[in-house]
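So this block is upload-v6.txt, compact mmCIF, C-alpha atoms:
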```
# COMPACT_ATOMS: atom_id res chain seq x y z
CA MET A 1 0.00 0.00 0.00
CA GLU A 2 1.16 3.49 -0.80
CA ASN A 3 1.82 5.85 2.02
CA LYS A 4 0.39 9.09 0.65
CA PRO A 5 -1.63 11.15 3.13
CA ILE A 6 -5.39 10.70 3.12
CA SER A 7 -7.59 13.80 3.29
CA LYS A 8 -9.47 14.62 6.46
CA ALA A 9 -12.82 14.32 4.69
CA VAL A 10 -11.99 10.79 3.50
CA VAL A 11 -10.81 9.78 6.97
CA LYS A 12 -14.10 10.99 8.38
CA ARG A 13 -15.93 8.66 6.02
CA LEU A 14 -13.69 5.61 6.53
CA PRO A 15 -15.46 4.22 9.62
CA ARG A 16 -18.70 4.11 7.67
CA TYR A 17 -17.05 2.18 4.81
CA TYR A 18 -15.56 -0.13 7.40
CA ARG A 19 -18.98 -0.77 8.90
CA TYR A 20 -20.69 -1.49 5.57
CA LEU A 21 -17.85 -3.74 4.43
CA GLY A 22 -18.06 -5.63 7.72
CA GLU A 23 -21.77 -6.16 7.19
CA LEU A 24 -21.14 -7.42 3.66
CA MET A 25 -18.60 -9.89 5.00
CA GLN A 26 -21.14 -11.16 7.52
CA GLU A 27 -23.57 -11.67 4.64
CA GLY A 28 -20.92 -13.68 2.82
CA VAL A 29 -20.45 -11.15 0.00
CA GLU A 30 -16.94 -11.45 -1.45
CA ARG A 31 -16.96 -8.77 -4.12
CA ILE A 32 -18.99 -5.64 -4.64
CA SER A 33 -19.07 -3.01 -7.39
CA SER A 34 -18.98 0.69 -6.60
CA ASN A 35 -22.52 0.91 -7.98
CA GLU A 36 -23.89 -1.71 -5.61
CA LEU A 37 -22.05 -0.18 -2.68
CA SER A 38 -23.36 3.22 -3.76
CA GLU A 39 -26.94 2.01 -3.56
CA ARG A 40 -26.42 0.52 -0.11
CA MET A 41 -24.61 3.47 1.35
CA GLN A 42 -26.60 6.23 -0.35
CA VAL A 43 -23.41 7.84 -1.57
CA THR A 44 -22.61 8.40 -5.25
CA ALA A 45 -20.57 5.68 -6.95
CA SER A 46 -18.06 8.28 -8.07
CA GLN A 47 -17.52 9.40 -4.49
CA ILE A 48 -16.93 5.79 -3.51
CA ARG A 49 -14.44 5.23 -6.35
CA GLN A 50 -12.64 8.43 -5.47
CA ASP A 51 -12.47 7.58 -1.76
CA LEU A 52 -11.37 4.01 -2.22
CA ASN A 53 -8.79 4.93 -4.84
CA ASN A 54 -6.77 6.18 -1.89
CA PHE A 55 -6.03 2.59 -1.05
CA GLY A 56 -5.19 1.33 -4.53
CA GLY A 57 -4.96 -2.23 -5.75
CA PHE A 58 -8.58 -3.32 -5.67
CA GLY A 59 -8.96 -5.05 -8.99
CA GLN A 60 -9.98 -3.61 -12.31
CA GLN A 61 -13.08 -1.98 -13.80
CA GLY A 62 -16.07 -4.30 -13.85
CA TYR A 63 -14.50 -6.66 -11.35
CA GLY A 64 -15.54 -4.87 -8.19
CA TYR A 65 -13.91 -4.53 -4.81
CA ASN A 66 -12.62 -7.42 -2.76
CA VAL A 67 -14.74 -6.89 0.35
CA SER A 68 -12.56 -8.64 2.88
CA TYR A 69 -9.29 -7.14 1.57
CA LEU A 70 -10.73 -3.62 1.55
CA HIS A 71 -12.19 -4.11 5.04
CA GLY A 72 -8.78 -5.22 6.26
CA GLU A 73 -6.92 -2.33 4.66
CA ILE A 74 -9.32 0.29 6.01
CA GLY A 75 -9.11 -1.38 9.41
CA LYS A 76 -5.32 -1.04 9.30
CA ILE A 77 -5.51 2.64 8.33
CA LEU A 78 -7.84 3.21 11.29
CA GLY A 79 -5.50 1.33 13.60
CA LEU A 80 -8.06 -1.38 14.29
CA ASP A 81 -5.60 -4.20 13.65
CA ARG A 82 -4.13 -3.78 17.11
CA GLN A 83 -5.56 -3.67 20.63
CA HIS A 84 -6.26 -0.33 22.32
CA ASN A 85 -6.72 -0.27 26.08
CA LEU A 86 -9.26 2.21 27.43
CA ILE A 87 -10.31 3.44 30.80
CA VAL A 88 -13.47 5.37 31.60
CA ILE A 89 -13.30 8.35 33.96
CA GLY A 90 -16.65 8.76 35.67
CA ALA A 91 -18.75 5.67 36.40
CA GLY A 92 -22.14 7.34 36.05
CA ASN A 93 -24.77 6.35 33.47
CA LEU A 94 -22.71 7.44 30.51
CA GLY A 95 -19.52 5.82 31.76
CA GLN A 96 -21.45 2.62 32.43
CA ALA A 97 -23.00 2.77 28.97
CA ILE A 98 -19.53 2.91 27.42
CA ALA A 99 -18.28 0.01 29.57
CA ASN A 100 -21.38 -1.95 28.66
CA TYR A 101 -20.94 -1.63 24.93
CA ALA A 102 -19.27 -4.92 24.01
CA ASN A 103 -19.13 -4.03 20.32
CA PHE A 104 -16.14 -1.75 20.82
CA GLU A 105 -14.10 -4.89 21.45
CA ARG A 106 -14.75 -6.17 17.95
CA SER A 107 -12.82 -3.14 16.70
CA GLY A 108 -9.98 -3.69 19.16
CA PHE A 109 -11.03 -1.23 21.89
CA PHE A 110 -11.01 -2.83 25.34
CA VAL A 111 -12.38 -1.03 28.37
CA LYS A 112 -10.11 -2.25 31.15
CA GLY A 113 -11.41 -0.25 34.10
CA MET A 114 -13.57 2.63 35.27
CA PHE A 115 -12.67 5.32 37.78
CA ASP A 116 -14.79 7.40 40.10
CA ILE A 117 -14.59 9.30 43.38
CA ASN A 118 -17.97 8.09 44.60
CA PRO A 119 -17.41 5.36 47.26
CA ARG A 120 -20.80 3.84 46.43
CA LEU A 121 -19.61 3.12 42.88
CA ILE A 122 -16.06 1.97 43.67
CA GLY A 123 -15.82 -1.83 43.62
CA MET A 124 -18.89 -2.22 41.44
CA THR A 125 -18.42 -4.16 38.17
CA ILE A 126 -20.10 -3.70 34.80
CA ARG A 127 -19.68 -6.65 32.44
CA GLY A 128 -16.70 -7.68 34.53
CA ILE A 129 -15.17 -4.20 34.33
CA GLU A 130 -14.38 -2.86 37.77
CA VAL A 131 -14.81 0.66 39.11
CA TYR A 132 -11.62 1.81 40.86
CA SER A 133 -10.90 4.77 43.06
CA ILE A 134 -9.51 7.78 41.23
CA GLU A 135 -6.60 7.63 43.68
CA ASP A 136 -5.34 4.55 41.87
CA LEU A 137 -5.45 6.23 38.47
CA GLU A 138 -1.77 6.97 37.89
CA GLU A 139 -0.55 3.54 38.87
CA TYR A 140 -3.28 1.82 36.88
CA ILE A 141 -2.54 3.71 33.67
CA GLN A 142 1.13 2.92 33.87
CA LYS A 143 0.78 -0.76 34.80
CA ASN A 144 -1.91 -1.60 32.24
CA GLN A 145 -0.71 0.06 29.02
CA ILE A 146 -3.71 2.36 28.92
CA GLU A 147 -3.66 4.64 25.89
CA ILE A 148 -7.15 6.10 25.82
CA ALA A 149 -9.34 7.67 28.52
CA ALA A 150 -13.03 8.29 27.96
CA LEU A 151 -13.83 11.39 29.99
CA THR A 152 -17.44 11.51 31.20
CA LEU A 153 -17.09 14.10 33.97
CA PRO A 154 -19.09 17.33 34.24
CA LYS A 155 -17.64 20.27 32.31
CA LEU A 156 -16.20 22.00 35.38
CA LYS A 157 -14.17 18.99 36.47
CA ALA A 158 -13.08 17.86 33.03
CA GLU A 159 -10.19 20.23 32.38
CA ALA A 160 -8.29 19.44 35.59
CA MET A 161 -8.78 15.71 35.07
CA ALA A 162 -7.60 15.98 31.46
CA GLU A 163 -4.38 17.57 32.68
CA ARG A 164 -3.87 14.76 35.17
CA LEU A 165 -4.49 12.14 32.50
CA VAL A 166 -1.92 13.71 30.19
CA GLN A 167 0.58 13.88 33.03
CA TYR A 168 0.02 10.18 33.71
CA GLY A 169 0.82 9.33 30.10
CA ILE A 170 -2.56 9.02 28.38
CA LYS A 171 -2.22 9.37 24.58
CA ALA A 172 -5.81 10.22 23.69
CA ILE A 173 -8.90 11.57 25.43
CA TRP A 174 -12.37 10.65 24.24
CA ASN A 175 -14.07 13.72 25.63
CA PHE A 176 -17.78 13.64 26.51
CA ALA A 177 -17.60 16.76 28.69
CA HIS A 178 -19.21 19.74 27.03
CA THR A 179 -16.04 21.80 26.85
CA ASP A 180 -12.96 22.01 24.65
CA LEU A 181 -9.98 20.69 26.56
CA SER A 182 -6.81 22.71 26.26
CA VAL A 183 -4.24 19.99 26.71
CA SER A 184 -0.90 19.48 24.97
CA LYS A 185 -1.26 19.22 21.20
CA LYS A 186 0.55 15.89 21.37
CA VAL A 187 -2.51 14.36 23.00
CA VAL A 188 -5.42 13.52 20.72
CA VAL A 189 -8.76 14.88 21.91
CA GLU A 190 -11.83 13.51 20.15
CA ASN A 191 -14.97 15.30 21.29
CA VAL A 192 -18.45 13.85 21.54
CA HIS A 193 -20.56 16.92 22.24
CA LEU A 194 -24.07 15.57 22.57
CA SER A 195 -25.67 19.00 23.09
CA GLU A 196 -24.23 20.18 19.80
CA SER A 197 -25.52 17.13 17.99
CA LEU A 198 -28.97 17.89 19.38
CA MET A 199 -28.72 21.50 18.21
CA ARG A 200 -27.85 20.40 14.68
CA LEU A 201 -30.84 18.09 14.76
CA SER A 202 -33.02 21.01 15.83
CA TYR A 203 -31.61 23.19 13.03
CA ARG A 204 -32.32 20.51 10.47
CA MET A 205 -35.94 20.16 11.67
CA ASP A 206 -36.48 23.84 10.84
CA HIS A 207 -34.49 23.80 7.59
CA PRO A 208 -35.43 20.75 5.53
CA VAL A 209 -33.07 19.92 2.68
CA LYS A 210 -34.33 18.60 -0.62
CA LYS A 211 -32.34 15.44 -1.14
CA LYS A 212 -31.12 14.59 -4.61
CA ASN A 213 -31.59 10.85 -4.58
CA MET B 214 -32.09 39.42 9.71
CA GLU B 215 -31.66 38.29 6.14
CA ASN B 216 -32.98 34.94 5.14
CA LYS B 217 -30.18 33.70 2.88
CA PRO B 218 -29.28 30.06 3.31
CA ILE B 219 -26.36 29.26 5.58
CA SER B 220 -23.80 26.72 4.42
CA LYS B 221 -23.68 23.29 5.99
CA ALA B 222 -20.14 23.87 7.24
CA VAL B 223 -21.19 27.04 9.05
CA VAL B 224 -24.21 25.33 10.59
CA LYS B 225 -21.93 22.61 11.87
CA ARG B 226 -19.88 25.26 13.68
CA LEU B 227 -22.81 27.26 15.07
CA PRO B 228 -23.35 25.21 18.25
CA ARG B 229 -19.75 25.88 19.23
CA TYR B 230 -20.15 29.64 18.75
CA TYR B 231 -23.36 29.42 20.75
CA ARG B 232 -21.53 27.69 23.59
CA TYR B 233 -18.65 30.16 23.71
CA LEU B 234 -20.99 33.15 23.53
CA GLY B 235 -23.06 31.67 26.37
CA GLU B 236 -19.92 31.32 28.48
CA LEU B 237 -18.97 34.94 27.73
CA MET B 238 -22.43 36.07 28.84
CA GLN B 239 -22.01 34.15 32.08
CA GLU B 240 -18.73 35.97 32.60
CA GLY B 241 -20.49 39.28 32.08
CA VAL B 242 -18.71 40.09 28.79
CA GLU B 243 -20.91 42.36 26.64
CA ARG B 244 -18.74 42.85 23.56
CA ILE B 245 -15.95 40.84 22.01
CA SER B 246 -13.75 41.39 18.98
CA SER B 247 -13.17 38.67 16.42
CA ASN B 248 -9.53 38.61 17.52
CA GLU B 249 -10.37 37.93 21.15
CA LEU B 250 -12.94 35.32 20.17
CA SER B 251 -10.37 33.80 17.82
CA GLU B 252 -7.92 33.34 20.65
CA ARG B 253 -10.51 31.71 22.88
CA MET B 254 -11.92 29.40 20.27
CA GLN B 255 -8.63 28.56 18.54
CA VAL B 256 -10.15 29.43 15.17
CA THR B 257 -8.76 32.14 12.90
CA ALA B 258 -10.31 35.59 13.26
CA SER B 259 -11.03 35.63 9.54
CA GLN B 260 -12.99 32.39 9.83
CA ILE B 261 -14.99 33.91 12.67
CA ARG B 262 -15.71 37.10 10.71
CA GLN B 263 -16.73 35.09 7.68
CA ASP B 264 -19.00 32.79 9.70
CA LEU B 265 -20.66 35.53 11.69
CA ASN B 266 -21.15 37.74 8.63
CA ASN B 267 -23.95 35.32 7.78
CA PHE B 268 -26.00 37.00 10.47
CA GLY B 269 -25.23 40.65 9.64
CA GLY B 270 -25.82 43.69 11.77
CA PHE B 271 -23.19 43.25 14.47
CA GLY B 272 -21.68 46.69 14.66
CA GLN B 273 -18.74 48.08 12.79
CA GLN B 274 -15.00 47.39 12.59
CA GLY B 275 -13.21 47.94 15.88
CA TYR B 276 -16.42 47.83 17.85
CA GLY B 277 -16.69 44.09 18.28
CA TYR B 278 -19.65 41.76 18.49
CA ASN B 279 -22.56 42.25 20.84
CA VAL B 280 -22.30 38.95 22.72
CA SER B 281 -25.87 38.66 23.92
CA TYR B 282 -27.42 39.70 20.60
CA LEU B 283 -25.25 37.27 18.65
CA HIS B 284 -25.99 34.48 21.13
CA GLY B 285 -29.69 35.15 20.71
CA GLU B 286 -29.56 35.23 16.92
CA ILE B 287 -27.58 31.99 16.69
CA GLY B 288 -29.98 30.44 19.18
CA LYS B 289 -32.91 31.37 16.93
CA ILE B 290 -31.20 29.92 13.86
CA LEU B 291 -30.67 26.68 15.77
CA GLY B 292 -34.29 26.66 16.91
CA LEU B 293 -33.31 26.98 20.58
CA ASP B 294 -35.79 29.81 21.21
CA ARG B 295 -38.63 27.33 21.51
CA GLN B 296 -39.23 24.17 23.52
CA HIS B 297 -38.58 20.76 21.99
CA ASN B 298 -40.12 17.72 23.64
CA LEU B 299 -38.08 14.54 23.56
CA ILE B 300 -38.59 10.94 24.49
CA VAL B 301 -35.90 8.33 24.94
CA ILE B 302 -36.41 4.85 23.50
CA GLY B 303 -34.48 2.35 25.57
CA ALA B 304 -34.01 2.99 29.29
CA GLY B 305 -30.59 1.34 29.62
CA ASN B 306 -27.43 3.15 30.73
CA LEU B 307 -27.27 5.36 27.67
CA GLY B 308 -30.96 6.26 27.78
CA GLN B 309 -30.64 7.04 31.47
CA ALA B 310 -27.57 9.18 30.82
CA ILE B 311 -29.55 11.25 28.32
CA ALA B 312 -32.48 11.63 30.73
CA ASN B 313 -30.06 12.59 33.46
CA TYR B 314 -28.41 15.39 31.54
CA ALA B 315 -30.23 18.48 32.84
CA ASN B 316 -28.19 20.81 30.65
CA PHE B 317 -30.23 19.95 27.57
CA GLU B 318 -33.09 21.87 29.16
CA ARG B 319 -31.13 25.11 29.09
CA SER B 320 -31.19 24.83 25.30
CA GLY B 321 -34.92 24.07 25.23
CA PHE B 322 -34.76 20.28 24.96
CA PHE B 323 -36.99 18.56 27.52
CA VAL B 324 -36.93 14.80 28.01
CA LYS B 325 -40.55 14.02 28.86
CA GLY B 326 -40.44 10.24 29.15
CA MET B 327 -38.47 7.09 28.53
CA PHE B 328 -39.73 3.86 26.98
CA ASP B 329 -38.63 0.28 27.40
CA ILE B 330 -39.94 -3.27 27.13
CA ASN B 331 -38.16 -4.46 30.25
CA PRO B 332 -40.75 -4.77 33.08
CA ARG B 333 -38.01 -4.20 35.66
CA LEU B 334 -37.35 -0.73 34.23
CA ILE B 335 -40.95 0.34 33.59
CA GLY B 336 -42.19 2.64 36.34
CA MET B 337 -38.69 3.70 37.39
CA THR B 338 -37.94 7.43 37.33
CA ILE B 339 -34.70 9.29 36.53
CA ARG B 340 -34.66 12.91 37.65
CA GLY B 341 -38.46 12.75 37.72
CA ILE B 342 -38.62 11.32 34.19
CA GLU B 343 -40.66 8.12 34.11
CA VAL B 344 -40.00 4.94 32.16
CA TYR B 345 -43.17 3.84 30.34
CA SER B 346 -44.04 0.64 28.54
CA ILE B 347 -43.37 0.68 24.84
CA GLU B 348 -47.04 -0.28 24.42
CA ASP B 349 -48.01 3.26 25.41
CA LEU B 350 -45.70 4.86 22.86
CA GLU B 351 -48.17 5.89 20.18
CA GLU B 352 -50.63 7.49 22.55
CA TYR B 353 -47.88 9.24 24.50
CA ILE B 354 -46.29 10.81 21.42
CA GLN B 355 -49.60 12.14 20.23
CA LYS B 356 -50.82 13.47 23.57
CA ASN B 357 -47.56 15.16 24.60
CA GLN B 358 -46.40 16.98 21.46
CA ILE B 359 -43.29 14.88 21.20
CA GLU B 360 -41.14 15.87 18.23
CA ILE B 361 -37.86 14.10 18.87
CA ALA B 362 -37.03 10.52 19.86
CA ALA B 363 -33.57 9.53 21.07
CA LEU B 364 -33.08 5.96 19.91
CA THR B 365 -30.75 3.94 22.13
CA LEU B 366 -31.72 0.43 21.05
CA PRO B 367 -29.34 -2.22 19.71
CA LYS B 368 -28.70 -2.04 15.97
CA LEU B 369 -30.95 -4.97 15.11
CA LYS B 370 -34.02 -3.49 16.79
CA ALA B 371 -33.45 0.11 15.77
CA GLU B 372 -34.78 0.03 12.22
CA ALA B 373 -38.20 -1.42 13.11
CA MET B 374 -38.56 1.01 16.01
CA ALA B 375 -37.61 3.94 13.79
CA GLU B 376 -40.39 2.99 11.39
CA ARG B 377 -42.89 2.87 14.25
CA LEU B 378 -41.75 6.26 15.53
CA VAL B 379 -42.20 7.83 12.10
CA GLN B 380 -45.64 6.26 11.79
CA TYR B 381 -46.58 7.74 15.17
CA GLY B 382 -45.63 11.22 14.01
CA ILE B 383 -42.08 11.75 15.30
CA LYS B 384 -40.31 14.53 13.37
CA ALA B 385 -36.69 13.71 14.22
CA ILE B 386 -34.70 10.73 15.45
CA TRP B 387 -31.52 11.19 17.46
CA ASN B 388 -29.99 7.88 16.54
CA PHE B 389 -27.46 6.20 18.84
CA ALA B 390 -27.86 2.78 17.22
CA HIS B 391 -24.87 1.87 15.11
CA THR B 392 -26.76 1.69 11.84
CA ASP B 393 -28.06 4.13 9.23
CA LEU B 394 -31.84 4.27 9.49
CA SER B 395 -33.69 4.22 6.19
CA VAL B 396 -36.78 6.19 7.13
CA SER B 397 -38.74 8.74 5.12
CA LYS B 398 -36.58 11.69 4.04
CA LYS B 399 -39.08 14.00 5.73
CA VAL B 400 -37.86 12.77 9.09
CA VAL B 401 -34.57 14.18 10.34
CA VAL B 402 -32.07 11.55 11.47
CA GLU B 403 -29.07 12.80 13.41
CA ASN B 404 -26.59 10.02 14.09
CA VAL B 405 -24.31 9.68 17.09
CA HIS B 406 -22.10 6.78 16.09
CA LEU B 407 -19.80 6.32 19.06
CA SER B 408 -17.80 3.48 17.46
CA GLU B 409 -16.95 5.72 14.53
CA SER B 410 -15.84 8.50 16.81
CA LEU B 411 -13.54 6.03 18.55
CA MET B 412 -12.12 4.90 15.20
CA ARG B 413 -11.34 8.49 14.22
CA LEU B 414 -9.60 8.90 17.55
CA SER B 415 -7.56 5.80 16.86
CA TYR B 416 -6.66 7.06 13.37
CA ARG B 417 -5.52 10.37 14.79
CA MET B 418 -3.32 8.65 17.36
CA ASP B 419 -1.41 7.00 14.52
CA HIS B 420 -1.36 10.08 12.26
CA PRO B 421 -0.39 13.16 14.25
CA VAL B 422 -1.10 16.47 12.54
CA LYS B 423 1.25 19.39 12.87
CA LYS B 424 -1.02 22.17 14.09
CA LYS B 425 -0.48 25.66 12.73
CA ASN B 426 -1.21 27.69 15.85
```
Exercise: express the given structure as structure tokens:
Amino acid sequence: MENKPISKAVVKRLPRYYRYLGELMQEGVERISSNELSERMQVTASQIRQDLNNFGGFGQQGYGYNVSYLHGEIGKILGLDRQHNLIVIGAGNLGQAIANYANFERSGFFVKGMFDINPRLIGMTIRGIEVYSIEDLEEYIQKNQIEIAALTLPKLKAEAMAERLVQYGIKAIWNFAHTDLSVSKKVVVENVHLSESLMRLSYRMDHPVKKKN
Amino acid sequence: MENKPISKAVVKRLPRYYRYLGELMQEGVERISSNELSERMQVTASQIRQDLNNFGGFGQQGYGYNVSYLHGEIGKILGLDRQHNLIVIGAGNLGQAIANYANFERSGFFVKGMFDINPRLIGMTIRGIEVYSIEDLEEYIQKNQIEIAALTLPKLKAEAMAERLVQYGIKAIWNFAHTDLSVSKKVVVENVHLSESLMRLSYRMDHPVKKKN
């Protein structure tokens, strides 16, 4: 595979290709044309060809894509071919929901532990995943090769915790707090701002778009 | 205010402006220049000027933006100046987390009820929000002016439930199931695909970007 950089817009779409290709594999489909994939994904065939050209080597015109090969290559690009260890900071409903979601494991993301300050939650387990005291955070991160922390604390506590996490060696923060963390640029911060998603939904209710297809 | 259409990219950024302007209001800031806002938001001042020009009428060069006016105008564009009634389908951890998040109410989104098939959950309340039987769904939607349904069911059950919700008159689905719903184009579907967010995080860990600022 070539090593040319892939545009941000394409990267944003890759997980969706990965999902559809995974579903095709489950259905036993070995090859698929850009036109068939276009119909399934409700994306133009030319967009698909353009996007997937980034990966090269997927057979010739009229032959279609090799589903399993393409799935594997996209998985590698996304870093899903290796295991990522996660912890969850905050063992409330949202933290528990993340720990409970077994499907992350199929993509190589393993929630190893949860952390909270609430003594009523410490010691509890969710799907075998234990809630530890926040006091044990530093040692846990270092002993368990934890790369990613899902941060489900309230906005006002998130920033200070993010700084601690970075100090303890966390490489990436999956941030559910409704604030932009200002941590070192070396640390990846991926935001899930639910309020903003809800606002976009509200905007779209008031401004219907005429779809082309 | 003019009624020219606002680009999709700008709309995507509006909730973030809305959040920062709200924080400035809380701090008692009445006016802010694009340069100051730029520094706070880590976006270029020219991007800010370009984005906010869509709304017009915010004073002249050197005078800055009227924070409260701009906040109000963006709020109106996003439909946050009126109340939206929500229900949550699925009263598991994720559904409970949504019901528990009081901050949505500050933007006009009110979770009125939750629905589940699990008899152990029915009758429970979260922050005063009751879990009802899914059998009461149709009547509830129609009697309570429910516009939005947050869908937190597993992938395999989501599609059928989405069709029911549309049939019962729901205008928008906030979809947390890891699948693309194929409902009528008249219904807004806003996806929150957590797995895909995690995959983008993973990609970014392997492909660091050199930031400009």
### Query
Taking all atoms listed in the file into account, which of A:Glu196, A:Glu159, A:Glu23, A:Asp116 comes nearest chain B?
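Of A:Glu196, A:Glu159, A:Glu23, A:Asp116, the one nearest chain B is A:Glu196, counting all atoms listed in the file.
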### Task
Select residues of chain B: the criterion is any atom within 7 Å of an atom of chain A, counting all atoms listed in the file; output as a VMD selection string.
chain B and resid 225 228 290 to 292 306 to 307 309 to 310 317 385 401 403 408 to 409 412 to 418
### Task
Would you work out the distance separating CA of Lys155 (chain A) from CA of Gly90 (chain A), expressed in Å to one decimal?
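Computing the Euclidean distance for CA of Lys155 (chain A) and CA of Gly90 (chain A) yields 12.0 Å.
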### Query
What is the CA of Val280 (chain B)-CA of Glu249 (chain B) distance in Å, reported with one decimal?
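Separating CA of Val280 (chain B) from CA of Glu249 (chain B) is a distance of 12.1 Å.
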### Task
Enter the distance from CA of Asn66 (chain A) to CA of Gln50 (chain A), in Å, rounded to one decimal.
16.1 Å
### Query
Which is closest to Leu378 (chain B) among B:Val242, B:Ile302, B:Ile342, B:Leu366, if we use all atoms listed in the file?
B:Ile302
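The residue that comes closest to Asp136 (chain A), out of A:Gly123, A:Leu156, A:Arg106, A:Phe115 and on the basis of all atoms listed in the file, is A:Phe115.
Proximity of B:Gly277, B:Gly285, B:Gly326, B:Pro332 to Ile354 (chain B), computed with only C-alpha atoms, is greatest for B:Gly326.
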